[in-house]
$ cat my_file-v4.cif   # mmCIF, C-alpha atoms and all ligand atoms
data_coords
#
loop_
_atom_site.label_atom_id
_atom_site.label_comp_id
_atom_site.auth_asym_id
_atom_site.auth_seq_id
_atom_site.Cartn_x
_atom_site.Cartn_y
_atom_site.Cartn_z
CA MET A 213 23.26 -41.81 -43.01
CA VAL A 214 20.89 -41.70 -45.93
CA LYS A 215 19.23 -45.13 -45.97
CA PRO A 216 18.66 -47.26 -49.11
CA ASP A 217 15.10 -46.02 -49.69
CA CYS A 218 16.17 -42.41 -50.13
CA VAL A 219 19.34 -43.24 -52.06
CA GLU A 220 17.22 -45.25 -54.49
CA THR A 221 14.81 -42.35 -55.04
CA ASN A 222 17.69 -39.92 -55.61
CA GLN A 223 17.17 -37.76 -52.55
CA VAL A 224 20.82 -37.55 -51.50
CA GLU A 225 21.49 -34.16 -53.11
CA SER A 226 18.22 -32.68 -51.76
CA ILE A 227 19.11 -33.96 -48.29
CA LYS A 228 22.64 -32.55 -48.52
CA ALA A 229 21.20 -29.16 -49.55
CA LEU A 230 19.07 -29.18 -46.39
CA VAL A 231 22.01 -30.37 -44.31
CA ASN A 232 24.05 -27.38 -45.51
CA ALA A 233 21.15 -24.94 -45.19
CA SER A 234 20.68 -26.12 -41.59
CA GLY A 235 24.24 -25.15 -40.68
CA PHE A 236 25.92 -28.57 -40.70
CA LEU A 237 29.34 -29.01 -42.21
CA ILE A 238 29.87 -32.28 -44.08
CA ILE A 239 33.31 -33.37 -42.85
CA THR A 240 33.50 -36.50 -44.95
CA GLU A 241 31.12 -38.74 -46.84
CA ARG A 242 31.05 -42.02 -48.70
CA MET A 243 28.60 -44.19 -50.56
CA LEU A 244 28.74 -47.86 -49.66
CA ARG A 245 26.62 -50.95 -49.61
CA LEU A 246 26.48 -52.45 -46.12
CA GLU A 247 27.51 -56.07 -45.76
CA GLU A 248 25.07 -58.09 -43.67
CA SER A 249 27.58 -58.43 -40.82
CA LEU A 250 28.17 -54.66 -40.79
CA ALA A 251 24.44 -53.90 -40.73
CA ARG A 252 23.96 -56.36 -37.85
CA ASN A 253 26.81 -54.78 -35.94
CA PHE A 254 25.67 -51.23 -36.71
CA TYR A 255 22.19 -51.90 -35.29
CA ALA A 256 23.31 -54.42 -32.65
CA GLU A 257 21.37 -52.56 -29.94
CA HIS A 258 18.19 -53.80 -31.67
CA SER A 259 19.31 -57.42 -32.15
CA LYS A 260 16.60 -58.78 -29.85
CA ARG A 261 13.79 -56.77 -31.43
CA GLU A 262 11.26 -58.52 -33.69
CA PHE A 263 12.03 -56.09 -36.54
CA PHE A 264 15.80 -56.72 -36.49
CA ASP A 265 16.07 -59.18 -39.41
CA ASP A 266 13.79 -57.00 -41.55
CA LEU A 267 15.88 -53.97 -40.65
CA VAL A 268 19.09 -55.75 -41.68
CA ASP A 269 17.48 -56.86 -44.98
CA PHE A 270 16.41 -53.29 -45.66
CA MET A 271 19.75 -51.73 -44.74
CA THR A 272 21.61 -54.16 -47.04
CA SER A 273 19.12 -53.82 -49.92
CA GLY A 274 21.03 -51.05 -51.69
CA PRO A 275 23.70 -48.38 -51.21
CA VAL A 276 23.66 -45.90 -48.35
CA ALA A 277 25.25 -42.44 -48.17
CA ALA A 278 27.19 -42.04 -44.94
CA MET A 279 28.30 -38.63 -43.72
CA VAL A 280 30.15 -37.21 -40.75
CA LEU A 281 28.41 -33.95 -39.85
CA GLN A 282 29.77 -31.15 -37.71
CA LYS A 283 27.77 -28.52 -35.86
CA ARG A 284 27.49 -27.27 -32.30
CA ASN A 285 25.20 -29.75 -30.50
CA ALA A 286 25.18 -31.76 -33.74
CA ILE A 287 23.58 -34.95 -32.44
CA ALA A 288 20.49 -33.28 -30.99
CA GLU A 289 20.27 -30.84 -33.91
CA TRP A 290 20.47 -33.66 -36.47
CA ARG A 291 17.83 -35.74 -34.71
CA GLU A 292 15.66 -32.62 -34.65
CA LEU A 293 16.12 -32.21 -38.40
CA ILE A 294 15.36 -35.86 -39.24
CA GLY A 295 12.24 -36.08 -37.05
CA PRO A 296 10.41 -38.98 -35.38
CA THR A 297 11.10 -42.59 -36.38
CA ASP A 298 7.64 -43.06 -37.93
CA PRO A 299 7.24 -40.77 -40.99
CA SER A 300 3.44 -40.80 -40.79
CA LYS A 301 3.69 -39.36 -37.26
CA ALA A 302 6.42 -36.97 -38.41
CA ARG A 303 4.14 -35.63 -41.13
CA VAL A 304 1.62 -34.65 -38.46
CA SER A 305 3.86 -33.37 -35.67
CA HIS A 306 7.11 -32.37 -37.47
CA PRO A 307 6.20 -31.68 -41.12
CA GLN A 308 9.46 -29.86 -41.92
CA THR A 309 11.65 -32.86 -41.06
CA LEU A 310 13.47 -35.16 -43.48
CA ARG A 311 11.45 -38.20 -42.44
CA ALA A 312 8.19 -36.27 -42.90
CA LYS A 313 9.26 -35.19 -46.38
CA TRP A 314 10.75 -38.43 -47.67
CA GLY A 315 10.17 -41.32 -45.27
CA ILE A 316 7.87 -44.12 -46.42
CA ASP A 317 7.12 -46.08 -43.24
CA THR A 318 8.58 -46.89 -39.81
CA GLN A 319 11.34 -48.98 -41.36
CA ARG A 320 12.02 -47.10 -44.61
CA ASN A 321 12.43 -43.77 -42.89
CA CYS A 322 15.06 -42.17 -45.12
CA VAL A 323 17.84 -41.31 -42.68
CA HIS A 324 19.70 -42.48 -39.61
CA GLY A 325 21.04 -40.35 -36.79
CA SER A 326 23.47 -41.33 -34.04
CA ASP A 327 21.81 -41.10 -30.64
CA SER A 328 24.89 -40.07 -28.57
CA SER A 329 28.50 -39.04 -29.09
CA LEU A 330 29.54 -42.53 -27.99
CA SER A 331 27.33 -44.06 -30.71
CA ALA A 332 28.61 -41.52 -33.24
CA GLY A 333 32.23 -42.52 -32.60
CA ARG A 334 31.36 -46.20 -32.87
CA GLU A 335 29.29 -45.74 -36.02
CA ILE A 336 31.91 -43.54 -37.72
CA SER A 337 34.49 -46.26 -37.05
CA LEU A 338 32.20 -48.89 -38.56
CA LEU A 339 31.44 -46.87 -41.69
CA PHE A 340 34.70 -45.01 -42.31
CA GLY A 341 37.48 -47.11 -40.88
CA GLY A 342 38.39 -50.46 -39.56
CA SER A 343 39.32 -49.45 -36.05
CA ARG A 344 37.85 -47.57 -33.12
CA SER A 345 40.56 -44.93 -33.57
CA THR A 346 38.85 -43.58 -36.71
CA GLY A 347 35.73 -42.63 -34.78
CA LYS A 348 37.79 -41.32 -31.89
CA ARG A 349 39.75 -39.10 -34.27
CA PHE A 350 36.58 -37.48 -35.60
CA MET A 351 35.10 -37.17 -32.12
CA ARG A 352 38.21 -35.63 -30.51
CA GLY A 353 37.27 -32.47 -28.66
CA VAL A 354 33.54 -33.19 -28.85
CA SER A 355 31.87 -32.85 -25.49
CA ARG A 356 29.93 -35.93 -24.41
CA ALA A 357 26.19 -35.73 -25.08
P1 LIG B 401 17.91 -44.69 -36.46
O1 LIG B 401 18.62 -45.44 -35.34
O2 LIG B 401 17.94 -45.41 -37.78
O3 LIG B 401 18.41 -43.27 -36.57
O4 LIG B 401 16.35 -44.54 -36.08
P2 LIG B 401 15.69 -44.16 -34.68
O5 LIG B 401 16.75 -43.89 -33.65
O6 LIG B 401 14.68 -43.10 -34.95
O7 LIG B 401 14.88 -45.48 -34.34
P3 LIG B 401 15.40 -46.83 -33.62
O8 LIG B 401 14.41 -47.15 -32.56
O9 LIG B 401 16.84 -46.72 -33.25
O10 LIG B 401 15.22 -47.90 -34.77
C1 LIG B 401 16.23 -48.11 -35.73
C2 LIG B 401 15.60 -48.31 -37.08
O11 LIG B 401 14.93 -49.58 -37.10
C3 LIG B 401 13.82 -49.51 -37.99
N1 LIG B 401 12.60 -49.82 -37.25
N2 LIG B 401 11.67 -50.61 -37.72
N3 LIG B 401 9.31 -52.13 -38.04
C4 LIG B 401 9.48 -51.46 -36.93
O12 LIG B 401 8.66 -51.43 -36.04
C5 LIG B 401 10.71 -50.69 -36.78
N4 LIG B 401 11.04 -49.95 -35.74
C6 LIG B 401 12.25 -49.40 -36.02
C7 LIG B 401 13.79 -48.09 -38.54
O13 LIG B 401 14.50 -48.06 -39.77
C8 LIG B 401 14.49 -47.33 -37.45
O14 LIG B 401 14.97 -46.09 -37.91
MG MG B 402 18.35 -45.27 -33.30
#
$ encode --input "my_file-v4.cif" --output "structure tokens"
Amino acid sequence: MVKPDCVETNQVESIKALVNASGFLIITERMLRLEESLARNFYAEHSKREFFDDLVDFMTSGPVAAMVLQKRNAIAEWRELIGPTDPSKARVSHPQTLRAKWGIDTQRNCVHGSDSSLSAGREISLLFGGSRSTGKRFMRGVSRA
């Protein structure tokens, strides 16, 4: 997912060019503005963290570009391409990553990546369909990471 900071600064096409150049196939995509309840649900794993309310405010502050990406070992490969959570660290240790190039700070870090195939199925359902079956359909045949 391209987060509101990078949608606002018109980086979606540049990011998609890198996504394609890195061997990912964009299976489907949509622009949407997250409702507060959806953002809370999407990041529910962080609901007890002190940054949670700020994160929800940020994620609902403007449109996001959500994509379902396909590649062998896609989850690890995508997280490799986006880089560490903190862009200032990414610029030192992983300068070729998306967060190094376009992230602003630890919160406004340009892109999201699912952290497991289970999360990916759940997140695809939240962003692309109303039921769990949507995520399951996209994840069918994907080996568990
Ligand atoms: P993401 O889930 O968005 O792909 O990012 P991530 O795995 O690299 O990092 P995670 O620990 O899951 O944190 C989720 C998002 O919360 C915001 N954050 N803010 N202010 C802070 O200290 C802080 N820490 C995390 C970031 O937007 C982060 O990507
Ligand atoms: Mg995460």
$ atom_distance --input "my_file-v4.cif" --atom1 "atom CA of A:Lys228" --atom2 "atom CA of A:Ala256"
27.0 Å
$ atom_distance --input "my_file-v4.cif" --atom1 "atom CA of A:Glu241" --atom2 "atom O5 of ligand LIG 401 (chain B)"
20.2 Å
$ residues_around --input "my_file-v4.cif" --residues "A:Phe340" --least-positions-apart "6" --cutoff "8 Å" --atoms "all atoms listed in the file" --output "JSON, numbers by chain"
{"A": [242, 346, 347]}
$ residues_around --input "my_file-v4.cif" --residues "A:Thr240" --least-positions-apart "4" --cutoff "8 Å" --atoms "only C-alpha atoms" --output "MDAnalysis selection string"
chainID A and resid 279:281
$ closest_residue --input "my_file-v4.cif" --among "A:Glu247, A:Asp217, A:Asp327, A:Glu292" --to "A:Ala277" --atoms "only C-alpha atoms"
A:Asp217
$ closest_atom_pairs --input "my_file-v4.cif" --of "chain A" --to "ligand LIG 401 (chain B)" --cutoff "10 Å" --atoms "only C-alpha atoms and all ligand atoms" --output "Markdown table"
| residue | atom | partner | partner_atom | distance |
| --- | --- | --- | --- | --- |
| A:Met213 | CA | B:LIG401 | O3 | 8.2 |
| A:Val214 | CA | B:LIG401 | O2 | 9.4 |
| A:Lys215 | CA | B:LIG401 | O2 | 8.3 |
| A:Phe254 | CA | B:LIG401 | O1 | 9.2 |
| A:Tyr255 | CA | B:LIG401 | C1 | 7.1 |
| A:Ala256 | CA | B:LIG401 | C1 | 10.0 |
| A:Glu257 | CA | B:LIG401 | O9 | 8.1 |
| A:His258 | CA | B:LIG401 | C1 | 7.3 |
| A:Arg261 | CA | B:LIG401 | N4 | 8.5 |
| A:Glu262 | CA | B:LIG401 | O12 | 7.9 |
| A:Phe263 | CA | B:LIG401 | N3 | 5.0 |
| A:Phe264 | CA | B:LIG401 | O11 | 7.2 |
| A:Asp265 | CA | B:LIG401 | N2 | 9.8 |
| A:Asp266 | CA | B:LIG401 | N3 | 7.5 |
| A:Leu267 | CA | B:LIG401 | C3 | 5.6 |
| A:Val268 | CA | B:LIG401 | O11 | 8.7 |
| A:Phe270 | CA | B:LIG401 | O13 | 8.1 |
| A:Met271 | CA | B:LIG401 | O13 | 8.1 |
| A:Trp290 | CA | B:LIG401 | O3 | 9.8 |
| A:Arg291 | CA | B:LIG401 | O3 | 7.8 |
| A:Ile294 | CA | B:LIG401 | O6 | 8.4 |
| A:Gly295 | CA | B:LIG401 | O6 | 7.7 |
| A:Pro296 | CA | B:LIG401 | O6 | 5.9 |
| A:Thr297 | CA | B:LIG401 | O6 | 3.9 |
| A:Asp298 | CA | B:LIG401 | O6 | 7.6 |
| A:Pro299 | CA | B:LIG401 | O6 | 9.9 |
| A:Arg311 | CA | B:LIG401 | O6 | 9.5 |
| A:Gly315 | CA | B:LIG401 | O13 | 9.7 |
| A:Asp317 | CA | B:LIG401 | N3 | 8.3 |
| A:Thr318 | CA | B:LIG401 | N2 | 5.3 |
| A:Gln319 | CA | B:LIG401 | O13 | 3.7 |
| A:Arg320 | CA | B:LIG401 | O13 | 5.5 |
| A:Asn321 | CA | B:LIG401 | O13 | 5.7 |
| A:Cys322 | CA | B:LIG401 | O13 | 8.0 |
| A:Val323 | CA | B:LIG401 | O2 | 6.4 |
| A:His324 | CA | B:LIG401 | O3 | 3.4 |
| A:Gly325 | CA | B:LIG401 | O3 | 3.9 |
| A:Ser326 | CA | B:LIG401 | O3 | 6.0 |
| A:Asp327 | CA | B:LIG401 | O5 | 6.5 |
| A:Ser331 | CA | B:LIG401 | O1 | 10.0 |
$ residues_near_point --input "my_file-v4.cif" --point "(24.8, -43.7, -49.9)" --cutoff "6 Å" --atoms "all atoms listed in the file" --output "list in words"
Val214, Val219, Met243, Leu244, Pro275, Val276, Ala277 and Ala278 of chain A
$ closest_residue --input "my_file-v4.cif" --among "A:Leu310, A:Leu293, A:Arg245, A:Ile238" --to "A:Phe350" --atoms "all atoms listed in the file"
A:Ile238
$ atom_distance --input "my_file-v4.cif" --atom1 "atom CA of A:Gln223" --atom2 "atom CA of A:Leu250"
23.3 Å
$ closest_residue --input "my_file-v4.cif" --among "A:Ser226, A:Thr309, A:Ser328, A:Ser300" --to "ligand MG 402 (chain B)" --atoms "only C-alpha atoms and all ligand atoms"
A:Ser328
$ closest_residue --input "my_file-v4.cif" --among "A:Gly353, A:Ile316, A:Glu335, A:Glu220" --to "ligand MG 402 (chain B)" --atoms "all atoms listed in the file"
A:Glu335
$ residues_around --input "my_file-v4.cif" --residues "A:Lys348" --least-positions-apart "3" --cutoff "12 Å" --atoms "all atoms listed in the file" --output "list in words"
Ser329, Leu330, Ser331, Ala332, Gly333, Arg334, Glu335, Ile336, Ser337, Leu338, Phe340, Gly341, Gly342, Ser343, Arg344, Ser345, Met351, Arg352, Gly353 and Val354 of chain A
